[in-house]
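Participant: Structure incoming, see below.
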Amino acid sequence: MRVILACAAVLALALPAFAQKPQRPQIQTTKVEGTDGVYIFRNGGHQSMFIVTKDGVIATDPVAYGRPTGGQQYIDEIRKVTDKPIKYLIYSHHHFDHAAGGKAFKDAGARIIGHKNIKAHLVATKDPFTVMPDEFFDDKKTIKLGGTTLELIYLGLNHSDSNIVMRLPKEKIVFVVDTIPVGTFLGRGFIDIFPLETETFISKVIALDWERLIPGHPGQPNDRLGTKDDAKAVLTLMQEASAEIKKSALDGKCWDTVEKEFKLPKYATLPGYEAGLGMVARRYCGLWGRGT
């Protein structure tokens, strides 16, 4: 009887461990379903896209801010998939949490490409982990490699003045970082966004020919990819928040009162809602409260 009780006690202690979900790995690479060579590389809460072709690899965003070896870890993940040379590294925009870590790619022989507006930011801030592009472009650039076509498209101011859209026309996939979160509330990315221009940007993205969107942070729930409905939902959320805070700004309630009282209960179930409300309130008060 004592043996049975002892076994039961041990089993009871062990059950919670069995019930826990397996710990999420820091680094993970997954192939995008239905594609020949499109992959998502994730490092913590950041992710980027790379494409494997018969003639080499096109990589995007090193996502190695605060992780000095992050760029090499990304390359190591690519090497698990292919031994083809890494021909290109494309920056989605200049923010360090996505662009930092390019030195390993440069050392591996990749040609680094970014929008022309990146240069001024990198020159001014001199981040040692963010390598200056070898080539800049203005409105559009098309890369063709090993039968794959990747379009780099600048559609105007949005999350920054250098954010671009990367479109794979054959696969009908776009890679859009930060401006169109998938399944989460707008938050920290609002600190320096261009609000009205972003509405125009999202409308232009929706008008492009694509079916799936790879975001720069894992989509919710379950790391899902986005759709045009997700893009439309972000645009609607922004328009509603903007209209609400514009009324408050005209009543002289920016900033303190708005930050305390601003709510969008319709979106309260979205991850990041509570943390993001203040950021959204401040930025729209910046727009409607002082005209910037």
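Labeling convention for the structure tokens: chains A, B, ... as they appear, residues from 1 per chain, ligands from 1 in order of appearance.
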Determine, counting only C-alpha atoms, which protein, DNA and RNA residues have an atom within 6 Å of an atom of stretch 166-179 of chain A; residues of the same chain fewer than 4 positions away are not included. Present the result as a PyMOL selection string.
Facilitator: chain A and resi 150-152+159+210-216
Participant: Go ahead and write the selection's residues with N, CA and C atoms as a short mmCIF file (atom, residue, chain, number, x, y, z; two decimals), in the first residue's frame.
Facilitator:
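File produced: again.cif:
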data_model
loop_
_atom_site.label_atom_id
_atom_site.label_comp_id
_atom_site.auth_asym_id
_atom_site.auth_seq_id
_atom_site.Cartn_x
_atom_site.Cartn_y
_atom_site.Cartn_z
N LEU A 150 12.40 38.48 -57.37
CA LEU A 150 12.03 39.18 -56.14
C LEU A 150 11.98 40.67 -56.45
N GLU A 151 10.83 41.27 -56.21
CA GLU A 151 10.67 42.71 -56.43
C GLU A 151 10.85 43.46 -55.12
N LEU A 152 11.65 44.51 -55.15
CA LEU A 152 11.82 45.41 -54.00
C LEU A 152 11.09 46.70 -54.35
N HIS A 159 6.05 52.91 -41.69
CA HIS A 159 6.64 52.68 -40.36
C HIS A 159 7.95 53.45 -40.22
N TRP A 210 -0.95 39.65 -54.41
CA TRP A 210 -0.36 38.69 -53.48
C TRP A 210 -1.46 38.00 -52.69
N GLU A 211 -1.10 36.89 -52.06
CA GLU A 211 -2.07 36.14 -51.28
C GLU A 211 -1.63 35.93 -49.83
N ARG A 212 -0.32 35.85 -49.60
CA ARG A 212 0.18 35.61 -48.24
C ARG A 212 1.25 36.64 -47.88
N LEU A 213 1.26 37.05 -46.62
CA LEU A 213 2.19 38.05 -46.13
C LEU A 213 3.04 37.46 -45.01
N ILE A 214 4.36 37.52 -45.18
CA ILE A 214 5.29 37.14 -44.12
C ILE A 214 5.60 38.40 -43.33
N PRO A 215 5.25 38.43 -42.04
CA PRO A 215 5.53 39.63 -41.22
C PRO A 215 6.91 39.55 -40.57
N GLY A 216 7.41 40.69 -40.11
CA GLY A 216 8.72 40.74 -39.48
C GLY A 216 8.73 40.24 -38.05
#
Participant: Neighbouring residues of stretch 98-109 of chain A were defined as those with any atom within 8 Å, considering only C-alpha atoms; residues of the same chain fewer than 2 positions away were excluded. Please report them as a PyMOL selection string.
Facilitator: chain A and resi 46+61-65+67-72+75+85-87+89+91-96+111-112+127+129-131
Participant: List every residue of stretch 200-227 of chain A that has an atom at most 9 Å from any atom of stretch 184-188 of chain A, giving for each one its closest atom pair and the distance in Å to one decimal, counting only C-alpha atoms, sorted by chain and then by ascending residue number, as CSV.
Facilitator:
residue,atom,partner,partner_atom,distance
A:Gly219,CA,A:Thr184,CA,7.5
A:Gln220,CA,A:Thr184,CA,6.5
A:Pro221,CA,A:Thr184,CA,8.9
Participant: Check stretch 21-189 of chain A with DSSP on the backbone and list each residue it calls strand (DSSP E), as a ChimeraX atom specification.
Facilitator: /A:27-31,38-43,46-53,56-60,86-90,111-115,135-137,140-145,148-153,165-168,173-176
Participant: From a DSSP pass on the backbone, collect the residues of stretch 117-214 of chain A flagged as alpha helix (DSSP H) and hand them back as a list in words.
Facilitator: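 Matching residues for alpha helix (DSSP H) in stretch 117-214 of chain A are Ile118, Lys119, Ala120, His121, Leu122, Val123, Ala124, Thr125, Pro195, Leu196, Glu197, Thr198, Glu199, Thr200, Phe201, Ile202, Ser203, Lys204, Val205, Ile206 and Ala207 of chain A.
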Participant: What is the distance, in Å and to one decimal place, between atom CA of A:Asn222 and atom CA of A:Thr30?
Facilitator: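 Going from atom CA of A:Asn222 over to atom CA of A:Thr30 covers 12.8 Å.
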Participant: With distances taken over only C-alpha atoms, which residue among A:Ala124, A:Ala233, A:Ala241, A:Val280 lies nearest A:Gly189?
Facilitator: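 Using only C-alpha atoms, the shortest distance to A:Gly189 belongs to A:Val280.
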Participant: Tell me which protein, DNA and RNA residues are within 10 Å of A:Thr82, counting only C-alpha atoms, leaving out same-chain ones fewer than 6 positions away, and put them as an mmCIF file with all heavy atoms, in the first residue's frame.
Facilitator:
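That gives us result.cif:
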data_model
loop_
_atom_site.group_PDB
_atom_site.id
_atom_site.type_symbol
_atom_site.label_atom_id
_atom_site.label_comp_id
_atom_site.auth_asym_id
_atom_site.auth_seq_id
_atom_site.Cartn_x
_atom_site.Cartn_y
_atom_site.Cartn_z
ATOM 1 N N VAL A 52 15.879 30.136 -51.455
ATOM 2 C CA VAL A 52 16.919 29.278 -52.006
ATOM 3 C C VAL A 52 16.606 29.010 -53.474
ATOM 4 O O VAL A 52 15.521 28.524 -53.806
ATOM 5 C CB VAL A 52 17.004 27.944 -51.235
ATOM 6 C CG1 VAL A 52 18.064 27.034 -51.862
ATOM 7 C CG2 VAL A 52 17.321 28.193 -49.768
ATOM 8 N N THR A 53 17.539 29.344 -54.355
ATOM 9 C CA THR A 53 17.381 29.085 -55.783
ATOM 10 C C THR A 53 18.509 28.166 -56.247
ATOM 11 O O THR A 53 19.464 27.905 -55.506
ATOM 12 C CB THR A 53 17.410 30.382 -56.597
ATOM 13 O OG1 THR A 53 18.782 30.796 -56.778
ATOM 14 C CG2 THR A 53 16.643 31.504 -55.910
ATOM 15 N N LYS A 54 18.442 27.719 -57.490
ATOM 16 C CA LYS A 54 19.478 26.819 -58.004
ATOM 17 C C LYS A 54 20.824 27.513 -58.157
ATOM 18 O O LYS A 54 21.871 26.853 -58.216
ATOM 19 C CB LYS A 54 19.042 26.206 -59.340
ATOM 20 C CG LYS A 54 18.847 27.194 -60.471
ATOM 21 C CD LYS A 54 18.349 26.489 -61.720
ATOM 22 C CE LYS A 54 18.149 27.453 -62.897
ATOM 23 N NZ LYS A 54 19.418 28.043 -63.354
ATOM 24 N N GLY A 56 21.792 30.201 -56.030
ATOM 25 C CA GLY A 56 22.213 30.877 -54.809
ATOM 26 C C GLY A 56 21.039 31.291 -53.948
ATOM 27 O O GLY A 56 19.883 30.984 -54.247
ATOM 28 N N VAL A 57 21.368 32.031 -52.892
ATOM 29 C CA VAL A 57 20.382 32.390 -51.868
ATOM 30 C C VAL A 57 20.193 33.900 -51.819
ATOM 31 O O VAL A 57 21.162 34.665 -51.907
ATOM 32 C CB VAL A 57 20.826 31.886 -50.479
ATOM 33 C CG1 VAL A 57 19.839 32.305 -49.386
ATOM 34 C CG2 VAL A 57 21.008 30.370 -50.493
ATOM 35 N N ASP A 76 24.231 29.973 -40.478
ATOM 36 C CA ASP A 76 24.290 28.550 -40.111
ATOM 37 C C ASP A 76 22.970 27.850 -40.408
ATOM 38 O O ASP A 76 22.953 26.686 -40.833
ATOM 39 C CB ASP A 76 24.630 28.403 -38.622
ATOM 40 C CG ASP A 76 26.041 28.856 -38.294
ATOM 41 O OD1 ASP A 76 26.857 28.984 -39.231
ATOM 42 O OD2 ASP A 76 26.323 29.096 -37.101
#
Participant: Could you tell me how far atom CA of A:Asn43 sits from atom CA of A:Gly183, in Å to one decimal place?
Facilitator: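 Rounded to one decimal, the two atoms are 19.1 Å apart.
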Participant: Could you pull the residues within 8 Å of A:Gly289, counting only C-alpha atoms, minus those fewer than 5 positions along the same chain, as a ChimeraX atom specification?
Facilitator: /A:246,249-250,252,254-255,284
Participant: Create the file for the chosen residues now, containing N, CA and C atoms and written as a PDB file, in the first residue's frame.
Facilitator:
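Generated file (out_8.pdb):
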ATOM      1  N   LYS A 246      -8.393  62.309 -32.865  1.00  0.00           N
ATOM      2  CA  LYS A 246      -8.541  63.625 -33.483  1.00  0.00           C
ATOM      3  C   LYS A 246      -9.633  64.424 -32.766  1.00  0.00           C
ATOM      4  N   ALA A 249      -8.217  65.524 -29.472  1.00  0.00           N
ATOM      5  CA  ALA A 249      -7.218  66.580 -29.653  1.00  0.00           C
ATOM      6  C   ALA A 249      -7.886  67.934 -29.868  1.00  0.00           C
ATOM      7  N   LEU A 250      -8.971  67.956 -30.629  1.00  0.00           N
ATOM      8  CA  LEU A 250      -9.694  69.208 -30.875  1.00  0.00           C
ATOM      9  C   LEU A 250     -10.331  69.748 -29.594  1.00  0.00           C
ATOM     10  N   GLY A 252      -8.760  69.578 -26.805  1.00  0.00           N
ATOM     11  CA  GLY A 252      -7.632  69.949 -25.953  1.00  0.00           C
ATOM     12  C   GLY A 252      -7.236  68.880 -24.946  1.00  0.00           C
ATOM     13  N   CYS A 254      -5.157  66.217 -25.506  1.00  0.00           N
ATOM     14  CA  CYS A 254      -3.847  65.595 -25.717  1.00  0.00           C
ATOM     15  C   CYS A 254      -2.810  66.276 -24.823  1.00  0.00           C
ATOM     16  N   TRP A 255      -1.920  65.549 -24.122  1.00  0.00           N
ATOM     17  CA  TRP A 255      -1.686  64.125 -24.222  1.00  0.00           C
ATOM     18  C   TRP A 255      -2.231  63.350 -23.008  1.00  0.00           C
ATOM     19  N   TYR A 284      -0.783  59.540 -32.202  1.00  0.00           N
ATOM     20  CA  TYR A 284      -1.875  60.290 -32.814  1.00  0.00           C
ATOM     21  C   TYR A 284      -2.077  61.648 -32.145  1.00  0.00           C
TER      22      TYR A 284
END
Participant: Pick out the closest residue to A:Ser48 from this set: A:Lys253, A:Lys247, A:Lys140, A:His217. Count only C-alpha atoms.
Facilitator: A:His217
Participant: Could you check the closest approach to A:Met238 for each of A:Ile164, A:Ala275, A:Leu196, A:Leu270 and tell me which residue wins, using only C-alpha atoms?
Facilitator: A:Leu196
Participant: What is the distance, in Å and to one decimal place, between atom CA of A:Arg24 and atom CA of A:Ile40?
Facilitator: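 Computed distance, atom CA of A:Arg24 to atom CA of A:Ile40, equals 15.5 Å.
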Participant: For A:Gln239, which of A:Pro271, A:Pro195, A:Gly226, A:Gly147 is the closest residue, counting only C-alpha atoms?
Facilitator: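 Comparing A:Pro271, A:Pro195, A:Gly226, A:Gly147 against A:Gln239, the winner is A:Pro195.
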